[in-house]
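The structure appears below as C-alpha cells.
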Amino acid sequence: MLGCHAGAGRRGRPAAAAGLIVQRELTATVIEEVAGEPGGLPLMSHALLETWRRHHGKALTLTDYEAAGGIHGAVAHTAETLYTDLAAVERLRLRELLLRLVTPGEAGAQDTRRPVRRAELVTADPHDPGPVLLERLAAARLITLDDDTADLAHEALLTAWPRLRDWVEEDRERLRVHRRLTEAATAWNDHARDPGTLYRGLQLAIARQHLTQHLDTLTPTERTFLQAGTAAHHSARRRRRLRTLILSVVATLALVAASLAWQQNTVSSKRQREAYARQLIGTAESLRQSDPRLAMQLSLAAWRLADLPETRGALLTASRQPQQDTFTDPDLAPATLRWLTTDGRSLISAGASGITRWDLDSHRAISIAPGLGKRLPDTALGMGDARRLPILNRPAFDSDVTLWDMVTGHYEPSPLDTASQGVEVSRSGEHVIVYQADGSRYRVRVWGLATRQKILQVSTPRKKSGLHQGESVRGVAVTRTQGREGIEFDAPDATISANGKVMALCVPDAPLQLWSLRNGHKITASWAPTLSAKQCREERLFLDPDGQRLLLAEDGQVRQWHLPDGKEAPALAAPDVYEVGFSQDGSYLATASLDELLVWRPSQTEEPLFRYPLGGELAADLKIDLAAGRVRYLAGMLHSAISSTLTTVRTLRLSAVFDSDWTNEFANSATFSPDGHRLAIAYYDRVELRDGTTGQRLPSPPPLPCPAATPGTFGCLAIAAFRRDGRVLAYSEASPLSPSRAWLWDLDRRRVSGTSPPLEVEKGLAFIGNSLLIGGRITNGDDTSPSSKTTVWDPADNRFSATVPLISGRLAIDPTERLLVTSQGHIADVTKGVPIRRESSIGLAGALAFSPDGRLLAAGTGSGQTTLWDGNVRRYLGTLTSTTSAADVSALAFSPDARVLAVGMANGAVQLWDTETRQPMGAPIITPGSRIFAMSLRDDVLYVAAGYIPYQRYDLTPAAATTTICQRAGGGLTPEYWAAYFPAYPYQSTCDRDSR
C-alpha cells in the first residue's frame with residue numbers, strides 16, 4: 001500500500017506480496033486522507049497495520065479501514081487501548097512520560113514533539129514502571145526509542161488522541177514553565193552549578209508556583225536546581241532582614257518626626273476609607289447576580305473597612321439576599337443539551353464530546369460519559385433523572401426512534417418506535433412520549449425508557465392543518481421541546497406526572513384528556529377545559545408530582561383542578577406564566593413569568609410566599625429543594641427559543657420561606673403591645689395572644705359571639721388593642737349586622753375584666769390611660785357624616801364618658817396621650833374632645849405610628865409611600881418612597897430611639913429606613929407570610945406578624961449578618977481577593993473562622 005502514491009499501476013504491491021487483495025475504495029480513501037497531512041506516511045502505515053489486524057479473508061477492505069478509525073482514529077485507538085489496559089499508577093506515570101515528549105506551543109503556535117534523552121524519563125526507583133511503559137509505547141509504535149533518546153512516533157498523536165490533547169491543554173502553562181526550567185537546570189549543571197545561573201525573583205516565584213506541587217515529575221537535576229534557587233532566595237531574605245534591623249533605629253526616629261503629620265492625615269485617611277467602602281458597595285451590588293458569594297464577601301469586607309450606615313445596610317442586604325450561587329456549564333457549544341436532575345442538585349450537560357453530570361454544590365464533575373457526537377442535533381432534550389435519550393433518525397417523514405444510554409455511552413440502534421411529530425422525555429425522565437401522524441389520526445404512545453415497553457397508546461383526530469411555523473408561539477416553550485421541531489399546528493401534546501401514574505393530553509380545540517398509565521384507561525373528566533392549539537404547543541399544562549393536581553397557565557392566572565374529581569381550586573394570581581416547578585412532595589410550587597419568579601403554596605393563592613425579579617432572564621426547569629431550602633433554575637436569554645442559551649444554573653436560598661411557622665388560617669389584623677413584649681393576632685371570631693419575643697402562645701380571651709355569616713358577609717371581624725402598660729387587651733368585633741360590645745382581657749389574671757354596653761360598629765380601638773377609645777359610625781353613614789364619631793368608654797364606671805364627633809377610622813395615640821390621629825386623616829385633641837383642623841392633611845393612611853419619644857408621626861399610604869410628620873402633625877418632613885415595591889403600606893414601627901423606621905407592606909416586604917438621612921437601609925426584607933399587619937423593632941431585632949405567619953423574628957445586628965454571610969459564602973475574602981479589590985489596604989480577616 002505504500003506504493004499507492006506512485007500511481008495506480010503499483011497499487012497494492014506489498015499487499016499482493018503477502019497474498020492479500022486491496023479494495024480499490026480503500027486505496028482511494030487512503031490517498032485522499034493522507035494528501036497534505038503532516039506526518040502522513042507514518043500515520044498511513046499505522047492505520048494500515050490496524051486495518052490488516054482487523055481483515056478477514058484475503059481482502060483488505062474499506063470497512064476494515066473504517067473499523068480501525070482511519071488515519072487519525074487508528075493512532076488514537078491504539079493509544080487509548082494501551083491506556084485503558086494500565087493500572088491507575090501506570091496511567092499517571094504514562095501521562096508524565098508523554099508530557100515530557102511534548103513542547104507546548106507559544107503564542108498560538110502548534111504543539112510539537114520533543115525528543116528527549118532516555119535518562120530524563122527514568123528514575124532510580126526500582127519499582128518505577130517507566131521503563132516498561134516506554135517499551136510498551138514503542139511496541140505500539142507510538143514512540144521511537146534508540147540507545148539514547150525517545151520521541152513521539154507521530155506528530156499527529158498530539159491532535160489525534162483526545163486524551164493526550166486534553167492533558168496538554170490542562171497542564172499547558174505548567175509544561176511551559178517546566179520546559180524552561182529543564183533548559184535552565186541543564187545550563188546550570190553544564191556550568192559546574194554556577195550560583196549566578198540560578199533562578200531568582202519572578203522566575204523563581206513562577207517556577208515554585210507551578211512546580212512545588214509536582215516535584216515528583218522533576219528529574220533529580222531539575223529538583224536540585226529548584227531547591228538551590230529557593231535556598232538562595234531564603235538566604236538573601238535573611239540578609240535583607242539584618243539590614244532592616246539596622247535601619248529600624250533610623251526609622252524609629254523618623255516615625256517620631258512623622259507622627260504629627262500622621263495625626264493631621266488621619267481624618268483624610270478615614271474619609272478615603274469610607275469613600276472606598278462606599279465604592280465597594282456598588283461593586284458588590286453589580287456582582288450579586290453573576291457571583292453571589294463574592295458579592296456577600298465584598299459587602300462584609302466593605303463594612304469591616306468602614307462601619308457606615310451605607311455599609312451596614314449593604315451588609316444586611318447581603319445576609320438576606322436570595323441569590324446563593326451561580327454555575328455556568330463549561331461546555332458552551334450551541335447544540336449542547338442541559339437540564340436539572342429531579343432533586344435539583346445536579347446539572348446534566350449532554351454534548352457532542354461528552355455527557356457530564358455536575359454537582360451544583362461543589363461545581364465538580366461527578367461523572368463523564370462519551371458524548372453524542374453527530375447524533376446530538378437529532379437528540380431530544382432530557383429531563384429529570386433520565387438515563388436514556390431518544391434520538392430521531394430523520395432521513396424520512398417517519399423517523400425511527402432509537403435510544404442512547406448516557407451512563408455507558410452505548411447507542412442502541414434497534415428502533416423503539418417511529419415518529420413523524422417528534423418525541424419528548426417526561427419530566428421525571430422515566431418515559432418517552434412518541435407522536436405519530438397516521439392518515440386521519442394522531443397516535444400518542446408512551447414508552448418506558450428503562451424497560452423499552454409500550455405503556456399507553458392514544459389516538460386523536462388529525463385535521464391536517466399544515467406545519468406549525470412558530471410565529472405565534474412563545475419561544476420560552478420551545479426551549480423544553482427539542483425533538484418536536486416542525487410539527488403540525490394541531491398536533492397534540494402530553495405531560496406525565498412525576499410518579500408516572502397520570503398523563504394529561506392536550507388536544508387542540510378539544511377537551512383535555514386524562515389517562516391512567518397504570519391500567520391504560522381514560523379517566524372520566526367531564527369538567528375538563530377545552531384548550532387551543534397555541535396552549536398545547538406552548539405546553540401550558542402541568543401535573544404535580546403525585547398526579548393529584550392539574551395546573552393550566554392562562555394569560556392572567558394559573559388555574560388548578562384536583563384530580564381525579566376535577567374540583568377546581570382557587571387560581572394562582574400569576575399572569576403570563578410559562579414554567580411551573582414543584583417540590584418533590586408537591587407542597588410548594590414555583591412559577592416563572594416574563595417578569596418574576598414566584599413561590600407558592602398551592603392552597604394559598606392570593607399572594608405568593610416569595611417574589612424574585614428575573615431582570616429580563618428566562619427561567620426554565622424550576623426545582624424546589626425543601627431539604628436544602630432553595631430553588632434552582634436554568635437561566636438564559638428571555639427572547640430566545642434556543643435551548644442552548646440555558647447555560648447557567650442559578651440557586652436561590654429560601655430557608656426562611658420553607659421553614660416558616662405557616663398557618664392555614666389567615667389573620668385579619670394584629671398588634672404588638674407598646675413595649676413589644678405581647679402580640680395579639682385577630683382572626684375573624686377570636687383573638688390569639690403570643691409572647692412578642694419568643695412567639696409562644698399565651699392564654700387567650702374567649703371567642704367572640706359572632707352572628708351567623710350570610711351570603712356576601714363573613715359574620716365577624718375581630719379587632720384588638722393593648723393598654724400602654726401591655727397588661728390589658730381590649731377586643732371587639734366589627735360587624736355590619738348588629739351593634740357590638742368591647743371586652744377587656746386581663747393578661748395577668750387571665751380573665752375578662754370588663755364588658756362595654758352595646759354601641760355602633762367599631763373601626764378602631766385605642767387606650768388613653770385606662771379609658772378605651774372606640775372609633776365607629778352608623779351603618780348607613782360615611783366617614784365624614786355627622787354620625788361618624790369616636791366614643792370614650794370608662795371601664796371603671798362602665799359608661800360612655802365622652803364623644804369626639806367627625807372622627808373615625810383606625811386610631812393612633814401619641815405617647816403623651818394628648819393627640820389622636822386616624823386612618824381617615826382626622827386629628828383630634830382628646831384632652832378637650834374636639835377635632836383639630838390643619839392646613840396640611842396626612843390624607844388616607846393604611847398604617848399609622850408615632851415614634852416612642854413622640855417627635856415623629858409616620859403615615860403609610862398606597863404605592864409603597866410613607867410620609868413623615870412632626871409629632872404635632874403640623875409640619876410635613878418628607879416622603880419615603882420604596883424603589884423596589886409599589887405595594888400598599890400595611891404596618892409601621894419605630895425603633896426605641898426613632899432613628900430607624902420599619903415599613904411593612906401588603907406583599908410581605910419590610911423596608912428599613914434611616915429617619916435622619918431619609919435613606920433606605922439596604923434592600924427590603926422579604927417575609928413569607930403575605931400581608932404584614934404589625935411589627936415591633938427593638939434591640940436590633942425586627943418582629944413581624946403577617947397574615948399566614950403570626951410570628952417572625954429577624955436579627956438585624958451586624959454580628960448576625962456576619963455569621964450568616966460567612967456560613968453561606970463559605971468564609972470571607974481570601975488574601976488574593978482582598979489584594980485585588982482592596983489594593984491600598986492591608987489584608988484583614990472578615991470572618992471569625994478566618995481569624996482562627
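The chains in the C-alpha cells are called A, B, ... from first to last as shown; in each chain the residues are counted from 1, and the ligands are counted from 1 in the order shown.
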Excluding same-chain residues fewer than 6 positions from A:Ala847, what lies within 6 Å of it counting only C-alpha atoms, as a ChimeraX atom specification? /A:859-860,890-891
Deliver the residues from the most recent selection as a file, using C-alpha atoms, as a compact mmCIF listing (two decimals), in the first residue's frame.
```
# COMPACT_ATOMS: atom_id res chain seq x y z
CA ALA A 859 -48.31 57.61 57.83
CA GLY A 860 -48.24 54.81 55.27
CA SER A 890 -49.85 47.98 55.88
CA ALA A 891 -47.74 48.35 59.08
```
Neighbours of A:Ala504 within 6 Å (only C-alpha atoms; same-chain residues fewer than 6 positions away dropped), as an mmCIF file with C-alpha atoms, in the first residue's frame?
```
data_model
loop_
_atom_site.group_PDB
_atom_site.id
_atom_site.type_symbol
_atom_site.label_atom_id
_atom_site.label_comp_id
_atom_site.auth_asym_id
_atom_site.auth_seq_id
_atom_site.Cartn_x
_atom_site.Cartn_y
_atom_site.Cartn_z
ATOM 1 C CA ALA A 494 -48.847 15.311 26.546
ATOM 2 C CA THR A 495 -47.391 15.719 30.017
ATOM 3 C CA GLN A 513 -57.929 14.223 28.251
ATOM 4 C CA LEU A 514 -56.602 12.377 31.304
#
```
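A straight line drawn from atom CA of A:Trp404 to atom CA of A:Leu389 is 5.2 Å long.
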With a distance cut-off of 9 Å and only C-alpha atoms, select the neighbouring residues of stretch 109-117 of chain A, excluding the residue or stretch itself and same-chain residues fewer than 5 positions from it, and output the selection as an NGL selection string. :A and (100-104 or 148-155 or 158-159 or 168)
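Residues in contact with A:Ser587 at 8 Å, where only C-alpha atoms are counted and same-chain residues fewer than 5 positions away are skipped, are listed as Phe582, Arg601 and Pro602 of chain A.
Put simply, atom CA of A:Lys763 is 15.4 Å away from atom CA of A:Asp685.
Proximity of A:Trp662, A:Thr317, A:Asp329, A:Asp870 to A:Val910, computed with only C-alpha atoms, is greatest for A:Thr317.
Interatomic distance, atom CA of A:Gly422 to atom CA of A:Thr645: 21.5 Å.
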Which residues are close to A:Arg632, i.e. within 9 Å by only C-alpha atoms, leaving aside same-chain residues fewer than 4 positions away? Reply as number ranges by chain. A: 340, 344-345, 621-625, 649-653
Please identify which residues in stretch 129-243 of chain A DSSP calls strand (DSSP E) from the backbone, and express them as a ChimeraX atom specification. /A:143-145,149-152
Using only C-alpha atoms, which residues sit within 12 Å of A:Gln911 once same-chain residues fewer than 5 positions away are excluded, as an MDAnalysis selection string? chainID A and resid 313 316:317 864:866 880:887 889:894 900:906 918:927 932 935 942
Given the selection you just returned, output its residues as a file containing N, CA, C and O atoms, formatted as a short mmCIF file (atom, residue, chain, number, x, y, z; two decimals), in the first residue's frame.
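Final output, saved to out20.cif:
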```cif
data_model
loop_
_atom_site.label_atom_id
_atom_site.label_comp_id
_atom_site.auth_asym_id
_atom_site.auth_seq_id
_atom_site.Cartn_x
_atom_site.Cartn_y
_atom_site.Cartn_z
N GLY A 313 -26.13 48.82 55.85
CA GLY A 313 -27.28 48.43 55.04
C GLY A 313 -26.91 47.39 54.00
O GLY A 313 -27.64 46.43 53.76
N LEU A 316 -26.53 43.99 55.72
CA LEU A 316 -27.82 43.34 55.98
C LEU A 316 -28.42 42.82 54.69
O LEU A 316 -29.01 41.73 54.67
N THR A 317 -28.30 43.59 53.61
CA THR A 317 -28.82 43.14 52.32
C THR A 317 -28.13 41.85 51.88
O THR A 317 -28.78 40.91 51.42
N GLY A 864 -46.49 52.11 48.21
CA GLY A 864 -45.22 51.99 48.92
C GLY A 864 -44.68 53.28 49.49
O GLY A 864 -43.50 53.35 49.84
N GLN A 865 -45.49 54.31 49.63
CA GLN A 865 -45.02 55.59 50.15
C GLN A 865 -45.37 55.76 51.63
O GLN A 865 -46.44 55.35 52.07
N THR A 866 -44.47 56.41 52.39
CA THR A 866 -44.69 56.72 53.79
C THR A 866 -44.30 58.18 54.01
O THR A 866 -43.18 58.58 53.67
N LEU A 880 -40.97 58.92 52.23
CA LEU A 880 -40.09 57.78 51.98
C LEU A 880 -40.76 56.92 50.91
O LEU A 880 -41.85 56.38 51.14
N THR A 881 -40.13 56.79 49.78
CA THR A 881 -40.72 56.07 48.66
C THR A 881 -39.89 54.84 48.33
O THR A 881 -38.69 54.95 48.05
N SER A 882 -40.52 53.70 48.36
CA SER A 882 -39.82 52.46 48.03
C SER A 882 -39.50 52.43 46.55
O SER A 882 -40.34 52.76 45.71
N THR A 883 -38.27 52.07 46.23
CA THR A 883 -37.86 51.96 44.82
C THR A 883 -38.00 50.54 44.30
O THR A 883 -37.75 50.29 43.12
N THR A 884 -38.37 49.61 45.17
CA THR A 884 -38.45 48.21 44.75
C THR A 884 -39.86 47.63 44.83
O THR A 884 -40.10 46.56 44.32
N SER A 885 -40.79 48.33 45.49
CA SER A 885 -42.13 47.78 45.65
C SER A 885 -43.15 48.91 45.65
O SER A 885 -42.95 49.96 46.26
N ALA A 886 -44.26 48.68 44.93
CA ALA A 886 -45.35 49.66 44.89
C ALA A 886 -46.55 49.16 45.69
O ALA A 886 -47.65 49.68 45.53
N ALA A 887 -46.34 48.17 46.55
CA ALA A 887 -47.45 47.63 47.34
C ALA A 887 -47.87 48.62 48.41
O ALA A 887 -47.10 49.49 48.84
N VAL A 889 -48.66 50.23 51.96
CA VAL A 889 -48.06 50.14 53.29
C VAL A 889 -49.14 49.65 54.25
O VAL A 889 -50.22 50.22 54.33
N SER A 890 -48.85 48.60 55.00
CA SER A 890 -49.85 47.98 55.88
C SER A 890 -49.44 48.00 57.35
O SER A 890 -50.27 47.71 58.21
N ALA A 891 -48.18 48.31 57.68
CA ALA A 891 -47.74 48.35 59.08
C ALA A 891 -46.50 49.22 59.20
O ALA A 891 -45.70 49.30 58.26
N LEU A 892 -46.35 49.87 60.36
CA LEU A 892 -45.21 50.73 60.63
C LEU A 892 -44.71 50.49 62.04
O LEU A 892 -45.50 50.18 62.93
N ALA A 893 -43.38 50.65 62.25
CA ALA A 893 -42.82 50.53 63.60
C ALA A 893 -41.51 51.30 63.67
O ALA A 893 -40.65 51.17 62.79
N PHE A 894 -41.36 52.11 64.75
CA PHE A 894 -40.12 52.84 65.00
C PHE A 894 -39.24 52.04 65.96
O PHE A 894 -39.74 51.28 66.80
N VAL A 900 -34.64 54.52 63.32
CA VAL A 900 -34.97 53.55 62.28
C VAL A 900 -36.48 53.39 62.22
O VAL A 900 -37.14 53.28 63.26
N LEU A 901 -37.02 53.36 61.01
CA LEU A 901 -38.44 53.12 60.78
C LEU A 901 -38.59 51.88 59.90
O LEU A 901 -37.97 51.80 58.83
N ALA A 902 -39.38 50.93 60.37
CA ALA A 902 -39.68 49.74 59.58
C ALA A 902 -41.02 49.95 58.89
O ALA A 902 -42.01 50.28 59.54
N VAL A 903 -41.03 49.77 57.57
CA VAL A 903 -42.24 49.95 56.77
C VAL A 903 -42.64 48.59 56.21
O VAL A 903 -41.93 48.02 55.38
N GLY A 904 -43.77 48.04 56.71
CA GLY A 904 -44.26 46.76 56.23
C GLY A 904 -45.30 46.96 55.14
O GLY A 904 -46.09 47.91 55.18
N MET A 905 -45.31 46.05 54.17
CA MET A 905 -46.17 46.22 53.00
C MET A 905 -47.10 45.02 52.83
O MET A 905 -46.91 43.95 53.41
N ALA A 906 -48.10 45.24 51.99
CA ALA A 906 -49.12 44.22 51.78
C ALA A 906 -48.57 42.99 51.07
O ALA A 906 -49.17 41.91 51.14
N ARG A 918 -33.15 59.86 55.68
CA ARG A 918 -34.26 59.52 54.78
C ARG A 918 -33.81 58.55 53.70
O ARG A 918 -34.32 58.55 52.58
N GLN A 919 -32.84 57.68 54.01
CA GLN A 919 -32.31 56.71 53.06
C GLN A 919 -32.67 55.30 53.49
O GLN A 919 -32.70 55.00 54.69
N PRO A 920 -32.94 54.41 52.53
CA PRO A 920 -33.23 53.01 52.89
C PRO A 920 -31.98 52.33 53.43
O PRO A 920 -30.87 52.59 52.99
N MET A 921 -32.19 51.44 54.39
CA MET A 921 -31.08 50.69 54.99
C MET A 921 -31.02 49.31 54.33
O MET A 921 -31.54 48.33 54.83
N GLY A 922 -30.40 49.28 53.16
CA GLY A 922 -30.31 48.03 52.43
C GLY A 922 -31.59 47.73 51.66
O GLY A 922 -32.52 48.53 51.59
N ALA A 923 -31.62 46.54 51.08
CA ALA A 923 -32.78 46.10 50.32
C ALA A 923 -33.89 45.64 51.27
O ALA A 923 -33.64 45.37 52.44
N PRO A 924 -35.12 45.55 50.78
CA PRO A 924 -36.22 45.11 51.64
C PRO A 924 -36.01 43.69 52.17
O PRO A 924 -35.39 42.85 51.51
N ILE A 925 -36.52 43.44 53.37
CA ILE A 925 -36.58 42.09 53.91
C ILE A 925 -37.83 41.43 53.33
O ILE A 925 -38.93 41.95 53.47
N ILE A 926 -37.65 40.30 52.66
CA ILE A 926 -38.78 39.61 52.05
C ILE A 926 -39.27 38.55 53.02
O ILE A 926 -38.58 37.56 53.30
N THR A 927 -40.47 38.77 53.57
CA THR A 927 -41.05 37.81 54.52
C THR A 927 -42.05 36.93 53.78
O THR A 927 -42.66 37.35 52.80
N ILE A 932 -48.39 42.11 55.87
CA ILE A 932 -47.86 42.38 57.20
C ILE A 932 -48.86 43.25 57.96
O ILE A 932 -49.29 44.30 57.46
N MET A 935 -45.64 45.13 63.49
CA MET A 935 -44.20 44.94 63.67
C MET A 935 -43.76 45.57 64.99
O MET A 935 -44.41 46.49 65.50
N LEU A 942 -36.13 42.69 64.55
CA LEU A 942 -37.42 43.03 63.98
C LEU A 942 -38.37 41.84 64.17
O LEU A 942 -38.05 40.71 63.77
#
```
Quick one: DSSP helix (DSSP H, G or I) residues in stretch 318-527 of chain A, as a list in words? Ala318, Ser319, Arg320, Gly373, Lys374, Arg375, Leu376, Pro377, Asp378, Gly475, Val476, Ala477 and Val478 of chain A
Write out as a PyMOL selection string the residues lying within 12 Å of A:Asp992, counting only C-alpha atoms and excluding same-chain residues fewer than 5 positions away. chain A and resi 959+962-967+970-973
Got time to write the residues from that selection, C-alpha atoms, as a CSV table (one decimal), in the first residue's frame?
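Ended up saving to out-v6.csv:
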```csv
chain,number,residue,atom,x,y,z
A,959,ALA,CA,-22.8,40.1,64.1
A,962,THR,CA,-21.6,38.4,59.5
A,963,THR,CA,-22.3,34.9,60.8
A,964,THR,CA,-24.9,34.3,58.0
A,965,ILE,CA,-22.6,35.6,55.3
A,966,CYS,CA,-19.6,33.6,56.5
A,967,GLN,CA,-21.7,30.4,56.6
A,970,GLY,CA,-18.0,29.5,52.9
A,971,GLY,CA,-15.7,32.1,54.6
A,972,GLY,CA,-14.6,35.7,53.9
A,973,LEU,CA,-12.4,37.2,51.3
```
